[in-house]
file upload.cif (mmCIF, C-alpha atoms)
data_input
#
loop_
_atom_site.label_atom_id
_atom_site.label_comp_id
_atom_site.auth_asym_id
_atom_site.auth_seq_id
_atom_site.Cartn_x
_atom_site.Cartn_y
_atom_site.Cartn_z
CA MET A 1 -14.19 17.31 28.41
CA THR A 2 -17.09 17.96 26.07
CA THR A 3 -19.49 15.04 25.71
CA LEU A 4 -22.17 14.12 23.17
CA ALA A 5 -24.77 15.10 25.76
CA ASP A 6 -23.26 18.61 25.90
CA VAL A 7 -23.51 18.90 22.10
CA ALA A 8 -27.12 17.69 22.15
CA ALA A 9 -28.10 20.19 24.82
CA HIS A 10 -26.36 23.05 23.02
CA ALA A 11 -28.12 22.14 19.73
CA GLY A 12 -31.47 21.66 21.43
CA VAL A 13 -31.91 18.02 20.36
CA SER A 14 -31.88 14.62 22.04
CA LYS A 15 -28.62 12.73 22.52
CA SER A 16 -29.75 10.05 20.04
CA THR A 17 -30.53 12.68 17.40
CA ALA A 18 -27.13 14.30 17.92
CA SER A 19 -25.49 10.89 17.55
CA ARG A 20 -27.30 10.18 14.29
CA ALA A 21 -26.54 13.65 12.95
CA LEU A 22 -22.82 13.07 13.44
CA SER A 23 -22.66 9.44 12.29
CA ARG A 24 -25.60 8.89 9.92
CA ALA A 25 -26.51 12.32 8.58
CA ASP A 26 -28.71 10.76 5.89
CA LEU A 27 -31.20 9.79 8.62
CA VAL A 28 -31.59 13.33 10.03
CA ALA A 29 -33.11 16.53 8.60
CA PRO A 30 -30.41 18.71 6.96
CA ASP A 31 -31.09 21.74 9.19
CA THR A 32 -30.77 19.57 12.30
CA VAL A 33 -27.49 18.11 11.02
CA GLU A 34 -26.15 21.61 10.42
CA ARG A 35 -27.20 22.73 13.93
CA VAL A 36 -25.61 19.72 15.63
CA ARG A 37 -22.37 20.03 13.67
CA ALA A 38 -22.18 23.73 14.49
CA ALA A 39 -22.64 22.93 18.19
CA ALA A 40 -19.96 20.22 18.02
CA SER A 41 -17.55 22.63 16.35
CA GLU A 42 -18.27 25.42 18.81
CA LEU A 43 -17.76 23.15 21.81
CA GLY A 44 -14.70 21.41 20.35
CA PHE A 45 -16.34 17.98 20.44
CA ILE A 46 -14.40 15.13 18.79
CA PRO A 47 -16.54 12.03 18.07
CA ASN A 48 -15.28 8.66 19.27
CA ARG A 49 -15.14 6.87 15.93
CA ALA A 50 -14.37 3.49 17.44
CA ALA A 51 -17.38 3.65 19.74
CA SER A 52 -19.56 4.70 16.84
CA HIS A 53 -18.53 1.69 14.78
CA LEU A 54 -18.88 -0.69 17.72
CA ALA A 55 -22.40 0.57 18.34
CA ARG A 56 -23.23 -0.66 14.85
CA GLY A 57 -21.62 -4.03 15.52
CA ARG A 58 -18.50 -3.25 13.51
CA SER A 59 -14.87 -2.44 14.23
CA GLY A 60 -14.45 0.26 11.57
CA ILE A 61 -11.29 -1.52 10.39
CA VAL A 62 -10.76 -3.27 7.06
CA ALA A 63 -7.69 -5.22 6.00
CA LEU A 64 -5.75 -5.24 2.77
CA VAL A 65 -3.87 -8.52 2.54
CA VAL A 66 -0.83 -8.99 0.28
CA PRO A 67 1.50 -11.98 -0.12
CA THR A 68 4.66 -9.89 0.33
CA LEU A 69 5.79 -6.31 0.85
CA ASP A 70 8.68 -6.72 -1.59
CA ASN A 71 6.59 -6.15 -4.72
CA ALA A 72 6.25 -2.43 -5.55
CA PHE A 73 3.13 -3.19 -7.62
CA PHE A 74 1.14 -3.38 -4.38
CA THR A 75 2.14 0.10 -3.14
CA PRO A 76 -0.30 2.23 -5.19
CA ILE A 77 -3.06 -0.33 -4.59
CA ILE A 78 -2.60 0.21 -0.84
CA ALA A 79 -2.56 3.99 -1.27
CA GLY A 80 -5.75 4.02 -3.35
CA ALA A 81 -7.58 1.71 -0.96
CA GLN A 82 -6.53 3.82 2.02
CA ASP A 83 -7.76 7.04 0.42
CA ARG A 84 -11.16 5.50 -0.33
CA ALA A 85 -11.42 3.98 3.15
CA ARG A 86 -10.71 7.35 4.74
CA GLU A 87 -13.60 8.90 2.80
CA SER A 88 -15.93 6.38 4.45
CA ASP A 89 -14.48 6.83 7.95
CA LEU A 90 -12.78 3.43 7.85
CA GLN A 91 -9.30 2.50 9.04
CA LEU A 92 -7.16 0.36 6.73
CA THR A 93 -4.65 -2.13 8.10
CA ILE A 94 -2.10 -3.99 5.98
CA ALA A 95 -1.30 -7.66 6.57
CA VAL A 96 0.96 -10.18 4.85
CA HIS A 97 -0.43 -13.66 4.20
CA ARG A 98 0.81 -15.87 1.37
CA LEU A 99 -2.16 -18.29 1.49
CA ASP A 100 -0.06 -20.96 -0.19
CA ASP A 101 -1.64 -23.85 1.71
CA VAL A 102 -4.28 -24.75 4.27
CA ASP A 103 -1.89 -24.09 7.17
CA GLY A 104 -2.04 -20.39 6.40
CA LEU A 105 -5.81 -20.26 6.79
CA ASP A 106 -5.77 -20.42 10.60
CA GLU A 107 -3.67 -17.28 10.88
CA PHE A 108 -5.74 -15.54 8.22
CA GLU A 109 -8.97 -16.44 10.04
CA ARG A 110 -7.71 -14.71 13.21
CA LEU A 111 -7.26 -11.54 11.19
CA ALA A 112 -10.61 -11.88 9.43
CA ARG A 113 -12.46 -12.18 12.75
CA GLN A 114 -11.00 -8.85 13.93
CA VAL A 115 -11.88 -6.72 10.90
CA ASP A 116 -15.08 -5.88 9.06
CA GLY A 117 -13.85 -7.09 5.68
CA CYS A 118 -10.81 -7.78 3.52
CA ILE A 119 -9.33 -6.75 0.23
CA LEU A 120 -7.34 -9.79 -0.78
CA VAL A 121 -4.35 -9.74 -3.13
CA ALA A 122 -3.45 -13.39 -3.64
CA PRO A 123 -1.92 -13.87 -7.09
CA ARG A 124 -0.56 -17.38 -6.52
CA GLY A 125 -2.52 -19.21 -3.82
CA PRO A 126 -4.58 -22.25 -4.88
CA ASP A 127 -8.18 -21.42 -5.78
CA ASP A 128 -9.67 -23.49 -2.97
CA ILE A 129 -7.44 -21.84 -0.35
CA VAL A 130 -8.23 -18.32 -1.54
CA ARG A 131 -11.94 -19.15 -1.77
CA ALA A 132 -11.87 -20.47 1.79
CA ALA A 133 -10.18 -17.27 2.97
CA GLY A 134 -12.87 -15.22 1.28
CA ALA A 135 -15.58 -17.16 3.12
CA PHE A 136 -14.53 -15.74 6.51
CA GLY A 137 -16.21 -12.41 5.81
CA PRO A 138 -16.84 -9.70 3.19
CA THR A 139 -14.00 -10.00 0.69
CA VAL A 140 -12.95 -8.40 -2.58
CA LEU A 141 -10.28 -10.16 -4.60
CA VAL A 142 -7.80 -7.95 -6.46
CA ASP A 143 -6.16 -8.76 -9.81
CA ARG A 144 -7.50 -12.30 -9.94
CA GLU A 145 -10.82 -13.98 -10.63
CA ILE A 146 -12.19 -16.99 -8.75
CA ASP A 147 -15.74 -18.30 -8.89
CA GLY A 148 -17.73 -17.22 -5.86
CA LEU A 149 -15.69 -14.11 -5.03
CA THR A 150 -16.23 -10.48 -5.99
CA SER A 151 -13.17 -9.26 -7.87
CA ILE A 152 -11.57 -6.15 -9.36
CA VAL A 153 -8.93 -6.82 -12.03
CA ALA A 154 -6.63 -4.61 -14.09
CA ASP A 155 -7.09 -5.99 -17.60
CA THR A 156 -3.39 -6.28 -18.33
CA ALA A 157 -3.98 -9.35 -20.48
CA SER A 158 -5.71 -7.23 -23.13
CA ALA A 159 -2.93 -4.64 -22.91
CA PHE A 160 -0.24 -7.31 -23.36
CA ALA A 161 -2.13 -8.67 -26.37
CA GLU A 162 -2.23 -5.18 -27.89
CA LEU A 163 1.49 -4.74 -27.28
CA ALA A 164 2.30 -8.04 -28.99
CA THR A 165 0.06 -7.19 -31.94
CA ARG A 166 1.69 -3.81 -32.42
CA LEU A 167 5.16 -5.34 -32.20
CA ALA A 168 4.21 -7.81 -34.93
CA ASP A 169 2.77 -4.96 -37.02
CA ALA A 170 6.07 -3.08 -36.59
CA GLY A 171 7.95 -5.97 -38.21
CA HIS A 172 9.16 -7.96 -35.21
CA ARG A 173 9.15 -11.62 -36.17
CA GLY A 174 10.63 -12.95 -32.95
CA ILE A 175 9.08 -12.03 -29.60
CA VAL A 176 9.91 -13.35 -26.13
CA TYR A 177 7.44 -13.35 -23.27
CA LEU A 178 9.19 -13.47 -19.90
CA GLY A 179 6.71 -15.14 -17.57
CA GLY A 180 5.91 -14.28 -13.98
CA PRO A 181 5.91 -16.29 -10.76
CA ASP A 182 4.90 -19.94 -10.90
CA GLY A 183 1.15 -20.30 -10.36
CA SER A 184 0.34 -16.64 -11.02
CA TRP A 185 -3.21 -16.17 -12.36
CA GLN A 186 -2.24 -13.00 -14.20
CA ASP A 187 0.74 -14.74 -15.78
CA ARG A 188 -1.55 -17.38 -17.30
CA GLN A 189 -3.90 -14.68 -18.58
CA ARG A 190 -1.12 -12.62 -20.15
CA SER A 191 0.64 -15.57 -21.74
CA ALA A 192 -2.57 -16.87 -23.32
CA ALA A 193 -3.54 -13.39 -24.55
CA ILE A 194 -0.18 -12.82 -26.26
CA GLU A 195 -0.26 -16.23 -27.94
CA ALA A 196 -3.79 -15.66 -29.21
CA ALA A 197 -2.92 -12.17 -30.46
CA VAL A 198 0.11 -13.02 -32.61
CA GLY A 199 -0.85 -16.52 -33.73
CA GLU A 200 1.48 -17.69 -36.49
CA ARG A 201 2.65 -14.19 -37.39
CA VAL A 202 5.76 -14.34 -35.21
CA GLU A 203 8.02 -16.85 -33.55
CA LEU A 204 6.91 -16.58 -29.94
CA ALA A 205 9.15 -17.90 -27.16
CA ALA A 206 7.75 -18.10 -23.64
CA LEU A 207 10.43 -18.27 -20.95
CA GLY A 208 9.85 -18.74 -17.24
CA PRO A 209 8.42 -18.86 -14.69
CA PHE A 210 10.41 -16.09 -13.01
CA PRO A 211 9.97 -14.15 -9.77
CA ALA A 212 9.08 -10.51 -10.38
CA THR A 213 12.57 -9.23 -9.54
CA PHE A 214 15.41 -7.29 -11.17
CA ALA A 215 17.78 -10.21 -10.58
CA ALA A 216 15.48 -12.58 -12.45
CA GLY A 217 15.57 -10.25 -15.45
CA VAL A 218 19.37 -10.14 -15.39
CA ALA A 219 19.46 -13.93 -15.46
CA THR A 220 17.33 -14.11 -18.63
CA ALA A 221 19.70 -12.13 -20.85
CA ASP A 222 21.57 -15.04 -22.44
CA ALA A 223 18.36 -16.94 -23.20
CA VAL A 224 16.80 -13.84 -24.77
CA ILE A 225 19.87 -13.24 -26.95
CA ASP A 226 20.02 -16.90 -28.00
CA SER A 227 16.36 -16.77 -29.05
CA GLY A 228 17.14 -14.29 -31.81
CA ALA A 229 14.08 -12.24 -30.82
CA THR A 230 14.00 -8.49 -31.44
CA ALA A 231 11.27 -7.70 -28.89
CA VAL A 232 10.56 -8.78 -25.32
CA VAL A 233 7.39 -8.42 -23.26
CA PRO A 234 8.20 -9.09 -19.59
CA TYR A 235 5.55 -10.06 -17.03
CA ALA A 236 6.75 -7.31 -14.68
CA THR A 237 8.72 -4.12 -15.20
CA SER A 238 11.29 -5.23 -12.61
CA ILE A 239 12.11 -8.25 -14.79
CA GLY A 240 12.37 -6.02 -17.85
CA LEU A 241 14.69 -3.55 -16.13
CA GLY A 242 17.00 -6.36 -15.10
CA LEU A 243 17.07 -7.67 -18.67
CA VAL A 244 17.84 -4.23 -20.15
CA PHE A 245 20.67 -3.77 -17.64
CA ALA A 246 22.17 -7.14 -18.58
CA LEU A 247 21.77 -6.58 -22.34
CA ARG A 248 23.52 -3.22 -22.19
CA ALA A 249 26.29 -4.74 -20.07
CA ARG A 250 26.83 -7.20 -22.95
CA GLY A 251 26.91 -4.41 -25.52
CA VAL A 252 23.42 -5.12 -26.88
CA ALA A 253 21.44 -1.96 -27.63
CA SER A 254 18.07 -1.87 -25.87
CA PRO A 255 16.08 -0.32 -27.38
CA GLY A 256 17.74 -0.74 -30.75
CA GLU A 257 18.57 -4.38 -31.28
CA ILE A 258 16.22 -5.79 -28.65
CA LEU A 259 13.17 -3.79 -27.58
CA VAL A 260 11.84 -4.43 -24.06
CA SER A 261 8.43 -3.13 -23.02
CA ALA A 262 7.86 -1.53 -19.61
CA GLU A 263 5.29 0.06 -17.33
CA ARG A 264 4.49 3.66 -18.24
CA LEU A 265 5.40 5.29 -14.91
CA VAL A 266 8.73 3.47 -14.71
CA ALA A 267 9.57 4.21 -18.35
CA GLU A 268 8.93 7.91 -17.77
CA ALA A 269 10.95 7.91 -14.54
CA ILE A 270 14.06 6.57 -16.28
CA GLY A 271 13.55 8.66 -19.43
CA ALA A 272 12.71 5.68 -21.63
CA ASP A 273 10.00 7.37 -23.68
CA ASP A 274 11.04 5.40 -26.76
CA VAL A 275 9.75 2.02 -25.52
CA PRO A 276 6.18 0.71 -25.61
CA ALA A 277 4.59 0.67 -22.18
CA ILE A 278 1.40 -0.22 -20.39
CA ASP A 279 -0.25 2.10 -17.90
CA VAL A 280 -1.60 0.22 -14.87
CA ASP A 281 -3.36 2.59 -12.48
CA GLY A 282 -2.72 0.86 -9.17
CA ASP A 283 -4.31 3.69 -7.24
CA GLU A 284 -7.56 3.21 -9.17
CA LEU A 285 -7.37 -0.53 -8.59
CA GLY A 286 -7.15 0.00 -4.83
CA ARG A 287 -9.89 2.64 -4.76
CA GLU A 288 -12.29 0.54 -6.80
CA ALA A 289 -11.63 -2.54 -4.68
CA MET A 290 -12.42 -0.56 -1.53
CA ALA A 291 -15.49 0.96 -3.18
CA ALA A 292 -16.73 -2.55 -3.95
CA LEU A 293 -16.05 -3.75 -0.39
CA ILE A 294 -17.77 -0.92 1.51
CA PRO A 295 -21.40 -1.82 0.66
CA MET A 296 -20.61 -5.48 1.39
CA LEU A 297 -19.83 -4.52 5.00
CA VAL A 298 -23.52 -3.68 5.44
CA THR A 299 -25.28 -6.08 3.07
CA PRO A 300 -23.59 -9.15 1.59
CA PRO A 301 -24.13 -9.25 -2.20
CA SER A 302 -26.58 -11.83 -3.52
CA ASP A 303 -24.20 -12.64 -6.35
CA PRO A 304 -20.45 -11.97 -6.53
CA THR A 305 -19.47 -9.55 -9.29
CA ARG A 306 -16.44 -9.27 -11.53
CA ARG A 307 -15.05 -6.04 -12.93
CA ARG A 308 -12.09 -5.47 -15.22
CA LEU A 309 -10.49 -2.03 -15.37
CA ASP A 310 -9.07 -0.79 -18.66
CA VAL A 311 -5.28 -0.70 -19.00
CA SER A 312 -3.98 1.67 -21.66
CA VAL A 313 -0.96 1.15 -23.91
CA HIS A 314 1.61 3.83 -24.69
CA TRP A 315 3.06 3.42 -28.18
CA PRO A 316 5.98 5.71 -29.08
CA ALA A 317 7.08 6.89 -32.52
CA ALA A 318 7.29 4.16 -35.14
CA SER A 319 11.03 4.62 -35.65
CA ALA A 320 11.66 3.57 -32.06
CA THR A 321 9.57 0.43 -32.23
CA GLU A 322 10.26 -0.94 -35.70
CA ALA A 323 12.21 -4.18 -35.88
CA PRO A 324 15.93 -3.89 -36.75
CA LEU A 325 16.64 -3.90 -40.47
CA ARG A 326 18.89 -6.93 -40.14
CA PRO A 327 18.00 -10.14 -38.23
CA ALA A 328 18.89 -10.10 -34.56
CA GLU A 329 21.11 -13.15 -34.86
CA ASN A 330 23.33 -11.40 -37.44
CA ALA A 331 23.58 -8.26 -35.36
CA LEU A 332 24.53 -10.20 -32.28
CA SER A 333 26.97 -12.56 -34.00
CA SER A 334 29.07 -9.58 -35.08
CA ARG A 335 30.06 -8.89 -31.49
#
call {"tool": "encode", "arguments": {"input": "upload.cif", "output": "structure tokens"}}
result
Amino acid sequence: MTTLADVAAHAGVSKSTASRALSRADLVAPDTVERVRAAASELGFIPNRAASHLARGRSGIVALVVPTLDNAFFTPIIAGAQDRARESDLQLTIAVHRLDDVDGLDEFERLARQVDGCILVAPRGPDDIVRAAGAFGPTVLVDREIDGLTSIVADTASAFAELATRLADAGHRGIVYLGGPDGSWQDRQRSAAIEAAVGERVELAALGPFPATFAAGVATADAVIDSGATAVVPYATSIGLGLVFALRARGVASPGEILVSAERLVAEAIGADDVPAIDVDGDELGREAMAALIPMLVTPPSDPTRRRLDVSVHWPAASATEAPLRPAENALSSR
């Protein structure tokens, strides 16, 4: 079996120089790096990544922590973080921790002590619990902001505000916001942004909280119809899909009589190009969170930073988004 010493001898350098050339090329002259890598390739040498990380006092493993695996929103975040970790020779592990109360901190601490750092997705945990979890080691908080923690957030609140404004501009005078899970930081941000955006221009009804599930959306149908609203902005696409299913089952056209916004990728997948949609790039969210964490593994930041990523809004042709010509309550009462 080829060893590092064999590579060093073949390249005509010391073992320590060969090690640096393969693990920290920035510390070695470029021609030496090229010679060592050529020798490694010729001899079929495969570096022991784990040993390399341990030599620097690190495991080479980072964790991405989510509260559940049932929410599809987390999937592209995981994929983006994994891609960025791979580029830096890091291994990503996925763990589920709800962080609802102090009892969950002991289990989380055991994980934190075994990895170099964490990307933490904790949309509902109390601030003090999440902050305590972040104190165990280098941590980047995703899609939520808490004082004292570095965070990367998709600015969906601004996108929701733009959606509500455009709906009002299109003539909708009744809008329903279907809220997310109880205690969700993003839900509070989105609700406040919509209310501030439309002001007194429309009759805004906020319903919820609801879990981000299809079944929850189905259960909202009667309340949405009774509200007389002609447009609905759901917290999550899964809620919106459930609502549209239930409305159509009741003979209510959606879009048509009640317009329900969605997420761009889902809208395209089901051929619903005629509904307004937001475009959350979960892959970018994961990549940027990992990019923020990597330098923290070496040098803790002097001050935590906050970054909000732009979220674009897809607005289809005006004819598809204009409010019905007759009030929703008249249209529905004819059934």
call {"tool": "residues_around", "arguments": {"input": "upload.cif", "residues": "A:Phe136", "least_positions_apart": "3", "cutoff": "10 Å", "atoms": "all atoms listed in the file", "output": "list in words"}}
result
Leu105, Phe108, Glu109, Arg110, Leu111, Ala112, Arg113, Gly117, Cys118, Arg131, Ala132, Ala133 and Thr139 of chain A
call {"tool": "write_last_selection", "arguments": {"input": "upload.cif", "atoms": "C-alpha atoms", "output": "PDB file, in the coordinates of the input"}}
result
ATOM      1  CA  LEU A 105      -5.810 -20.260   6.790  1.00  0.00           C
ATOM      2  CA  PHE A 108      -5.740 -15.540   8.220  1.00  0.00           C
ATOM      3  CA  GLU A 109      -8.970 -16.440  10.040  1.00  0.00           C
ATOM      4  CA  ARG A 110      -7.710 -14.710  13.210  1.00  0.00           C
ATOM      5  CA  LEU A 111      -7.260 -11.540  11.190  1.00  0.00           C
ATOM      6  CA  ALA A 112     -10.610 -11.880   9.430  1.00  0.00           C
ATOM      7  CA  ARG A 113     -12.460 -12.180  12.750  1.00  0.00           C
ATOM      8  CA  GLY A 117     -13.850  -7.090   5.680  1.00  0.00           C
ATOM      9  CA  CYS A 118     -10.810  -7.780   3.520  1.00  0.00           C
ATOM     10  CA  ARG A 131     -11.940 -19.150  -1.770  1.00  0.00           C
ATOM     11  CA  ALA A 132     -11.870 -20.470   1.790  1.00  0.00           C
ATOM     12  CA  ALA A 133     -10.180 -17.270   2.970  1.00  0.00           C
ATOM     13  CA  THR A 139     -14.000 -10.000   0.690  1.00  0.00           C
TER      14      THR A 139
END
call {"tool": "atom_distance", "arguments": {"input": "upload.cif", "atom1": "atom CA of A:Ala29", "atom2": "atom CA of A:Pro300"}}
result
28.3 Å
call {"tool": "atom_distance", "arguments": {"input": "upload.cif", "atom1": "atom CA of A:Ile77", "atom2": "atom CA of A:Leu285"}}
result
5.9 Å
call {"tool": "resolve_selection", "arguments": {"input": "upload.cif", "expression": "the PyMOL selection byres ((chain A and resi 184-196) around 6)", "output": "list in words"}}
result
Pro123, Arg124, Ala157, Ala161, Gly180, Pro181, Asp182, Gly183, Ala197, Val198 and Gly199 of chain A
call {"tool": "closest_residue", "arguments": {"input": "upload.cif", "among": "A:Asp31, A:Asp128, A:Glu42, A:Asp116", "to": "A:His10", "atoms": "only C-alpha atoms"}}
result
A:Glu42
call {"tool": "resolve_selection", "arguments": {"input": "upload.cif", "expression": "the PyMOL selection byres ((chain A and resi 89) around 10)", "output": "number ranges by chain"}}
result
A: 23, 49, 53, 60-61, 84-88, 90-92
